[in-house]
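Participant: This is protein37.pdb (PDB, C-alpha atoms, pLDDT in the B column).
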ATOM      1  CA  MET A   1       4.909 -11.833  18.345  1.00 74.00           C
ATOM      2  CA  VAL A   2       7.841 -10.766  16.222  1.00 81.00           C
ATOM      3  CA  ALA A   3       7.803  -7.584  14.133  1.00 87.00           C
ATOM      4  CA  ILE A   4       9.734  -7.740  10.872  1.00 86.00           C
ATOM      5  CA  THR A   5      10.319  -4.335   9.304  1.00 90.00           C
ATOM      6  CA  TYR A   6      11.581  -3.370   5.891  1.00 89.00           C
ATOM      7  CA  ASP A   7      11.892  -0.035   4.138  1.00 92.00           C
ATOM      8  CA  ILE A   8      11.929   0.891   0.480  1.00 92.00           C
ATOM      9  CA  GLU A   9      12.391   4.242  -1.199  1.00 95.00           C
ATOM     10  CA  ILE A  10      11.235   4.766  -4.760  1.00 95.00           C
ATOM     11  CA  PRO A  11      12.109   7.953  -6.655  1.00 96.00           C
ATOM     12  CA  SER A  12       9.637   9.457  -9.106  1.00 97.00           C
ATOM     13  CA  ALA A  13       9.569  12.326 -11.592  1.00 96.00           C
ATOM     14  CA  VAL A  14       5.943  12.980 -10.508  1.00 97.00           C
ATOM     15  CA  SER A  15       5.368  15.677  -7.884  1.00 97.00           C
ATOM     16  CA  ALA A  16       4.778  14.602  -4.285  1.00 98.00           C
ATOM     17  CA  ALA A  17       1.260  16.085  -4.199  1.00 97.00           C
ATOM     18  CA  LYS A  18       0.199  14.228  -7.366  1.00 97.00           C
ATOM     19  CA  MET A  19       1.703  10.943  -6.195  1.00 97.00           C
ATOM     20  CA  PHE A  20      -0.007  11.242  -2.791  1.00 97.00           C
ATOM     21  CA  LYS A  21      -3.336  11.968  -4.455  1.00 97.00           C
ATOM     22  CA  ALA A  22      -2.996   8.961  -6.772  1.00 96.00           C
ATOM     23  CA  MET A  23      -1.443   6.499  -4.296  1.00 95.00           C
ATOM     24  CA  VAL A  24      -3.550   7.383  -1.268  1.00 96.00           C
ATOM     25  CA  LEU A  25      -6.571   9.577  -1.925  1.00 96.00           C
ATOM     26  CA  ASP A  26      -7.637   8.016  -5.254  1.00 96.00           C
ATOM     27  CA  ALA A  27      -6.143   4.529  -4.770  1.00 94.00           C
ATOM     28  CA  ASP A  28      -9.432   2.698  -4.136  1.00 95.00           C
ATOM     29  CA  THR A  29     -10.707   3.545  -7.616  1.00 95.00           C
ATOM     30  CA  LEU A  30      -7.429   4.108  -9.469  1.00 96.00           C
ATOM     31  CA  ILE A  31      -5.614   0.839  -8.696  1.00 95.00           C
ATOM     32  CA  PRO A  32      -8.485  -1.470  -9.797  1.00 96.00           C
ATOM     33  CA  LYS A  33      -8.637   0.594 -13.003  1.00 96.00           C
ATOM     34  CA  ILE A  34      -4.930   0.351 -13.859  1.00 96.00           C
ATOM     35  CA  MET A  35      -4.079  -3.006 -12.199  1.00 94.00           C
ATOM     36  CA  PRO A  36      -7.269  -5.129 -12.232  1.00 94.00           C
ATOM     37  CA  GLN A  37      -5.169  -8.304 -12.154  1.00 92.00           C
ATOM     38  CA  ALA A  38      -3.889  -7.201  -8.714  1.00 90.00           C
ATOM     39  CA  ILE A  39      -6.962  -5.541  -7.179  1.00 93.00           C
ATOM     40  CA  LYS A  40     -10.483  -6.174  -8.436  1.00 96.00           C
ATOM     41  CA  ASN A  41     -12.224  -3.621  -6.203  1.00 96.00           C
ATOM     42  CA  VAL A  42     -12.260  -1.972  -2.788  1.00 96.00           C
ATOM     43  CA  GLU A  43     -15.356  -1.481  -0.674  1.00 96.00           C
ATOM     44  CA  ILE A  44     -15.734   0.556   2.483  1.00 96.00           C
ATOM     45  CA  LEU A  45     -17.239  -1.480   5.315  1.00 97.00           C
ATOM     46  CA  GLU A  46     -17.281   1.375   7.839  1.00 97.00           C
ATOM     47  CA  GLY A  47     -16.107   4.980   7.947  1.00 96.00           C
ATOM     48  CA  ASP A  48     -15.729   7.822   5.476  1.00 93.00           C
ATOM     49  CA  GLY A  49     -12.210   7.197   4.170  1.00 90.00           C
ATOM     50  CA  GLY A  50     -10.500   8.886   7.110  1.00 94.00           C
ATOM     51  CA  VAL A  51      -8.870   7.445  10.218  1.00 97.00           C
ATOM     52  CA  GLY A  52     -10.691   4.358  11.467  1.00 97.00           C
ATOM     53  CA  THR A  53     -12.177   3.493   8.086  1.00 97.00           C
ATOM     54  CA  VAL A  54     -12.283  -0.248   7.429  1.00 98.00           C
ATOM     55  CA  LYS A  55     -12.219  -1.504   3.845  1.00 97.00           C
ATOM     56  CA  ILE A  56     -12.189  -4.876   2.188  1.00 96.00           C
ATOM     57  CA  ILE A  57      -9.873  -5.293  -0.765  1.00 95.00           C
ATOM     58  CA  HIS A  58     -10.913  -7.943  -3.286  1.00 96.00           C
ATOM     59  CA  PHE A  59      -7.838  -9.110  -5.141  1.00 93.00           C
ATOM     60  CA  GLY A  60      -7.846  -9.720  -8.888  1.00 92.00           C
ATOM     61  CA  GLU A  61      -7.486 -12.921 -10.863  1.00 89.00           C
ATOM     62  CA  GLY A  62      -3.685 -12.579 -10.886  1.00 78.00           C
ATOM     63  CA  SER A  63      -3.424 -12.707  -7.099  1.00 84.00           C
ATOM     64  CA  GLN A  64      -2.907 -15.761  -4.939  1.00 85.00           C
ATOM     65  CA  TYR A  65      -5.212 -14.188  -2.330  1.00 87.00           C
ATOM     66  CA  LYS A  66      -8.954 -13.518  -2.326  1.00 93.00           C
ATOM     67  CA  SER A  67      -9.322 -10.560   0.049  1.00 94.00           C
ATOM     68  CA  ALA A  68      -7.878  -8.518   2.884  1.00 94.00           C
ATOM     69  CA  LYS A  69      -9.460  -6.245   5.467  1.00 96.00           C
ATOM     70  CA  HIS A  70      -7.653  -2.920   5.656  1.00 95.00           C
ATOM     71  CA  ARG A  71      -7.903  -0.223   8.368  1.00 98.00           C
ATOM     72  CA  VAL A  72      -6.822   3.397   7.942  1.00 98.00           C
ATOM     73  CA  ASP A  73      -4.670   4.188  10.990  1.00 98.00           C
ATOM     74  CA  ALA A  74      -3.525   7.711  10.064  1.00 98.00           C
ATOM     75  CA  ILE A  75      -3.703  10.085   7.143  1.00 97.00           C
ATOM     76  CA  ASP A  76      -2.099  13.519   6.895  1.00 98.00           C
ATOM     77  CA  LYS A  77      -2.801  15.286   3.608  1.00 97.00           C
ATOM     78  CA  GLU A  78      -0.614  18.246   4.534  1.00 97.00           C
ATOM     79  CA  ASN A  79       2.490  16.169   5.296  1.00 98.00           C
ATOM     80  CA  LEU A  80       1.692  13.545   2.640  1.00 98.00           C
ATOM     81  CA  THR A  81       1.699  10.584   5.035  1.00 98.00           C
ATOM     82  CA  HIS A  82      -0.600   7.594   5.305  1.00 98.00           C
ATOM     83  CA  THR A  83      -0.580   4.613   7.657  1.00 98.00           C
ATOM     84  CA  TYR A  84      -2.827   1.609   7.238  1.00 97.00           C
ATOM     85  CA  SER A  85      -2.930  -1.984   8.421  1.00 97.00           C
ATOM     86  CA  ILE A  86      -4.072  -5.256   6.933  1.00 95.00           C
ATOM     87  CA  ILE A  87      -6.004  -6.711   9.880  1.00 95.00           C
ATOM     88  CA  ASP A  88      -7.768  -9.753   8.423  1.00 94.00           C
ATOM     89  CA  GLY A  89      -7.968 -11.913   5.324  1.00 92.00           C
ATOM     90  CA  ASP A  90      -6.178 -14.741   3.606  1.00 89.00           C
ATOM     91  CA  ALA A  91      -3.213 -12.472   2.775  1.00 80.00           C
ATOM     92  CA  LEU A  92      -2.229 -12.817   6.443  1.00 86.00           C
ATOM     93  CA  ALA A  93      -2.378 -16.623   6.294  1.00 76.00           C
ATOM     94  CA  ALA A  94      -1.552 -18.522   9.457  1.00 75.00           C
ATOM     95  CA  ALA A  95       1.718 -16.689  10.059  1.00 83.00           C
ATOM     96  CA  LEU A  96       0.685 -13.044  10.502  1.00 88.00           C
ATOM     97  CA  GLU A  97      -1.379 -11.060  13.001  1.00 91.00           C
ATOM     98  CA  SER A  98      -1.248  -7.935  10.821  1.00 93.00           C
ATOM     99  CA  ILE A  99       0.818  -5.937   8.362  1.00 92.00           C
ATOM    100  CA  THR A 100       1.208  -2.190   8.858  1.00 96.00           C
ATOM    101  CA  TYR A 101       2.337   0.173   6.109  1.00 96.00           C
ATOM    102  CA  HIS A 102       3.682   3.680   6.675  1.00 97.00           C
ATOM    103  CA  ILE A 103       3.846   5.735   3.484  1.00 97.00           C
ATOM    104  CA  LYS A 104       5.438   9.168   3.174  1.00 98.00           C
ATOM    105  CA  ILE A 105       5.778  11.010  -0.121  1.00 98.00           C
ATOM    106  CA  VAL A 106       8.660  13.476   0.040  1.00 98.00           C
ATOM    107  CA  PRO A 107       9.126  16.276  -2.509  1.00 98.00           C
ATOM    108  CA  THR A 108      12.498  16.520  -4.238  1.00 98.00           C
ATOM    109  CA  GLU A 109      14.265  19.667  -5.405  1.00 97.00           C
ATOM    110  CA  ASP A 110      13.696  18.811  -9.073  1.00 97.00           C
ATOM    111  CA  GLY A 111       9.889  18.769  -8.658  1.00 97.00           C
ATOM    112  CA  GLY A 112       9.645  15.006  -8.356  1.00 97.00           C
ATOM    113  CA  SER A 113       9.223  12.909  -5.244  1.00 98.00           C
ATOM    114  CA  ILE A 114      10.420   9.940  -3.253  1.00 97.00           C
ATOM    115  CA  CYS A 115       7.959   7.412  -1.892  1.00 96.00           C
ATOM    116  CA  LYS A 116       9.185   6.098   1.441  1.00 96.00           C
ATOM    117  CA  ASN A 117       7.381   2.929   2.445  1.00 94.00           C
ATOM    118  CA  ARG A 118       7.927   1.093   5.732  1.00 95.00           C
ATOM    119  CA  SER A 119       6.231  -2.293   6.049  1.00 92.00           C
ATOM    120  CA  ILE A 120       5.918  -4.010   9.408  1.00 92.00           C
ATOM    121  CA  TYR A 121       4.938  -7.679   9.444  1.00 89.00           C
ATOM    122  CA  ASN A 122       3.591  -8.677  12.871  1.00 90.00           C
ATOM    123  CA  THR A 123       3.888 -12.435  13.141  1.00 89.00           C
ATOM    124  CA  LYS A 124       1.912 -14.880  15.242  1.00 88.00           C
ATOM    125  CA  GLY A 125       4.160 -16.289  17.953  1.00 82.00           C
ATOM    126  CA  ASP A 126       7.727 -16.929  16.824  1.00 80.00           C
ATOM    127  CA  VAL A 127       6.850 -17.521  13.173  1.00 79.00           C
ATOM    128  CA  GLU A 128       9.570 -16.357  10.816  1.00 78.00           C
ATOM    129  CA  ILE A 129       8.995 -14.777   7.414  1.00 79.00           C
ATOM    130  CA  SER A 130      11.442 -15.856   4.717  1.00 78.00           C
ATOM    131  CA  GLU A 131      13.629 -13.411   2.840  1.00 80.00           C
ATOM    132  CA  GLU A 132      11.846 -14.650  -0.286  1.00 84.00           C
ATOM    133  CA  LYS A 133       8.443 -13.484   1.045  1.00 79.00           C
ATOM    134  CA  ILE A 134       9.901 -10.095   2.021  1.00 80.00           C
ATOM    135  CA  LYS A 135      11.471  -9.720  -1.429  1.00 83.00           C
ATOM    136  CA  GLU A 136       8.126 -10.659  -3.017  1.00 83.00           C
ATOM    137  CA  GLY A 137       6.366  -7.940  -0.974  1.00 79.00           C
ATOM    138  CA  LYS A 138       8.943  -5.326  -2.009  1.00 84.00           C
ATOM    139  CA  GLU A 139       8.589  -6.262  -5.677  1.00 88.00           C
ATOM    140  CA  LYS A 140       4.792  -6.002  -5.538  1.00 85.00           C
ATOM    141  CA  ALA A 141       4.985  -2.601  -3.828  1.00 85.00           C
ATOM    142  CA  MET A 142       7.481  -1.383  -6.436  1.00 90.00           C
ATOM    143  CA  ALA A 143       5.331  -2.655  -9.336  1.00 91.00           C
ATOM    144  CA  MET A 144       2.220  -0.954  -7.967  1.00 91.00           C
ATOM    145  CA  PHE A 145       4.078   2.322  -7.432  1.00 94.00           C
ATOM    146  CA  LYS A 146       5.520   2.238 -10.955  1.00 94.00           C
ATOM    147  CA  ALA A 147       2.083   1.479 -12.474  1.00 95.00           C
ATOM    148  CA  ILE A 148       0.543   4.413 -10.595  1.00 96.00           C
ATOM    149  CA  GLU A 149       3.437   6.665 -11.595  1.00 96.00           C
ATOM    150  CA  ALA A 150       3.068   5.696 -15.277  1.00 96.00           C
ATOM    151  CA  TYR A 151      -0.685   6.352 -15.139  1.00 97.00           C
ATOM    152  CA  VAL A 152      -0.205   9.804 -13.578  1.00 96.00           C
ATOM    153  CA  GLN A 153       2.467  10.685 -16.164  1.00 96.00           C
ATOM    154  CA  ALA A 154       0.161   9.585 -18.992  1.00 96.00           C
ATOM    155  CA  ASN A 155      -2.846  11.400 -17.449  1.00 95.00           C
ATOM    156  CA  PRO A 156      -1.509  14.657 -15.988  1.00 85.00           C
ATOM    157  CA  GLU A 157      -5.052  15.972 -15.381  1.00 85.00           C
ATOM    158  CA  CYS A 158      -5.677  13.360 -12.669  1.00 78.00           C
TER     159      CYS A 158
END
Let me see the structure of the file written as structure tokens.
Facilitator:
Amino acid sequence: MVAITYDIEIPSAVSAAKMFKAMVLDADTLIPKIMPQAIKNVEILEGDGGVGTVKIIHFGEGSQYKSAKHRVDAIDKENLTHTYSIIDGDALAAALESITYHIKIVPTEDGGSICKNRSIYNTKGDVEISEEKIKEGKEKAMAMFKAIEAYVQANPEC
């Protein structure tokens, strides 16, 4: 197995606490609402939303995938961190064992935040992931972050 890691950092004018709430705590209902073409719905298969919870994500019409099984590995509301893994589903295809995401929302001095996202692709055997696929993953993560950010800015009560 080979682990391929990439990091992205995305600045935001939205506070760290609000971004964490939207991106992590409310994501299962918020993302299907604002990006139904990407994610149709999320259902909990086991757990209460905390560590160990297993969910199935049903992708929207705009996705090339049907579903992915997602496990919450860690969540720290105080330090605004969240780790989860995609452990099953057609999004892994024949090349991947799993994908793990580490998210940390860091406050900035101006009241905004920076979303730090580390993605780790764990391949099956010596399979290589193309730069194109990695770039595609980064672009999707950036688009989702920006959509959530825009929603929070337009709906400050959330």
Participant: Using CA of Ala150 in chain A and CA of Glu136 in chain A as the two end points, give the distance in Å to one decimal.
Facilitator: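 A separation of 21.1 Å between them.
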Participant: What residues come out when you apply the PyMOL selection byres ((chain A and resi 53) around 10) to this file, written as a PyMOL selection string?
Facilitator: chain A and resi 44-52+54-55+70-74+84
Participant: Generate the output file for the selected residues, C-alpha atoms, as a CSV table (one decimal), in the frame of the given file.
Facilitator:
chain,number,residue,atom,x,y,z
A,44,ILE,CA,-15.7,0.6,2.5
A,45,LEU,CA,-17.2,-1.5,5.3
A,46,GLU,CA,-17.3,1.4,7.8
A,47,GLY,CA,-16.1,5.0,7.9
A,48,ASP,CA,-15.7,7.8,5.5
A,49,GLY,CA,-12.2,7.2,4.2
A,50,GLY,CA,-10.5,8.9,7.1
A,51,VAL,CA,-8.9,7.4,10.2
A,52,GLY,CA,-10.7,4.4,11.5
A,54,VAL,CA,-12.3,-0.2,7.4
A,55,LYS,CA,-12.2,-1.5,3.8
A,70,HIS,CA,-7.7,-2.9,5.7
A,71,ARG,CA,-7.9,-0.2,8.4
A,72,VAL,CA,-6.8,3.4,7.9
A,73,ASP,CA,-4.7,4.2,11.0
A,74,ALA,CA,-3.5,7.7,10.1
A,84,TYR,CA,-2.8,1.6,7.2
Participant: Expand the PyMOL selection byres ((chain A and resi 25) around 12) into the explicit residue set it covers here, and present it as a list in words.
Facilitator: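 Evaluating the PyMOL selection byres ((chain A and resi 25) around 12) on this file yields Ala17, Lys18, Met19, Phe20, Lys21, Ala22, Met23, Val24, Asp26, Ala27, Asp28, Thr29, Leu30, Ile31, Asp48, Gly49, Gly50, Val72, Ile75, Asp76, Lys77, Leu80, Thr81, His82 and Cys158 of chain A.
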Participant: Hey, which of A:Ser130, A:Ser67, A:Asn122, A:Thr108 ends up closest to Ser12 in chain A? Count only C-alpha atoms.
Facilitator: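 Nearest candidate to Ser12 in chain A out of A:Ser130, A:Ser67, A:Asn122, A:Thr108: A:Thr108.
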Participant: Counting all atoms listed in the file, figure out which residue out of A:Glu128, A:Glu157, A:Asp90, A:Glu149 gets nearest to Ala13 in chain A.
Facilitator: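 Closest to Ala13 in chain A of all the choices is A:Glu149.
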Participant: Gln37 in chain A: which residues within 8 Å, counting all atoms listed in the file, same-chain residues fewer than 6 positions away excluded, as a list in words?
Facilitator: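 After dropping sequence-adjacent residues, the list is Phe59, Gly60, Glu61, Gly62 and Ser63 of chain A.
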Participant: Mind giving me the straight-line distance from CA of Glu43 in chain A to CA of Asn155 in chain A in Å, one decimal?
Facilitator: 24.6 Å
Participant: For a cutoff of 10 Å around the file-coordinate point (-15.9, -5.6, -7.4), which residues qualify once you count all atoms listed in the file? I'd like the result as a PyMOL selection string.
Facilitator: chain A and resi 32+36+39-43+57-60
Participant: Quick one, how far is CA of Tyr121 in chain A from CA of Pro11 in chain A?
Facilitator: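 CA of Tyr121 in chain A sits 23.6 Å away from CA of Pro11 in chain A.
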Participant: For each of A:Ile99, A:Ile105, A:Pro156, A:Ala94, take the minimum atom-to-atom distance to Lys69 in chain A, counting all atoms listed in the file, then give the residue where this is smallest.
Facilitator: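 The closest residue to Lys69 in chain A is A:Ile99.
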Participant: To box range 77-91 of chain A, take all atoms listed in the file, fit an axis-aligned box, add 3 Å on each side, and give centre and edge lengths in Å to one decimal, as AutoDock Vina command-line options.
Facilitator:
--center_x -2.7 --center_y 1.8 --center_z 6.3 --size_x 16.5 --size_y 39.0 --size_z 13.2
Participant: Selected by the PyMOL selection byres ((chain A and resi 142-146) around 9) in the shown coordinates: which residues, as a list of chain:residue names?
Facilitator: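 Output of the PyMOL selection byres ((chain A and resi 142-146) around 9): A:Ile8, A:Ile10, A:Ser12, A:Met23, A:Ile31, A:Met35, A:Ala38, A:Cys115, A:Gly137, A:Lys138, A:Glu139, A:Lys140, A:Ala141, A:Ala147, A:Ile148, A:Glu149, A:Ala150, A:Tyr151.
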Participant: Would you please work out which residue, of A:Ile56, A:Ala68, A:Val2, A:Ile114, is nearest to Ala95 in chain A when using all atoms listed in the file?
Facilitator: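 Result for the nearest residue to Ala95 in chain A: A:Val2.
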Participant: Of the candidates A:Thr5, A:Ile34, A:Lys124, A:Asn117, which one gets nearest to Val152 in chain A if we count only C-alpha atoms?
Facilitator: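 Among the listed residues, A:Ile34 lies closest to Val152 in chain A.
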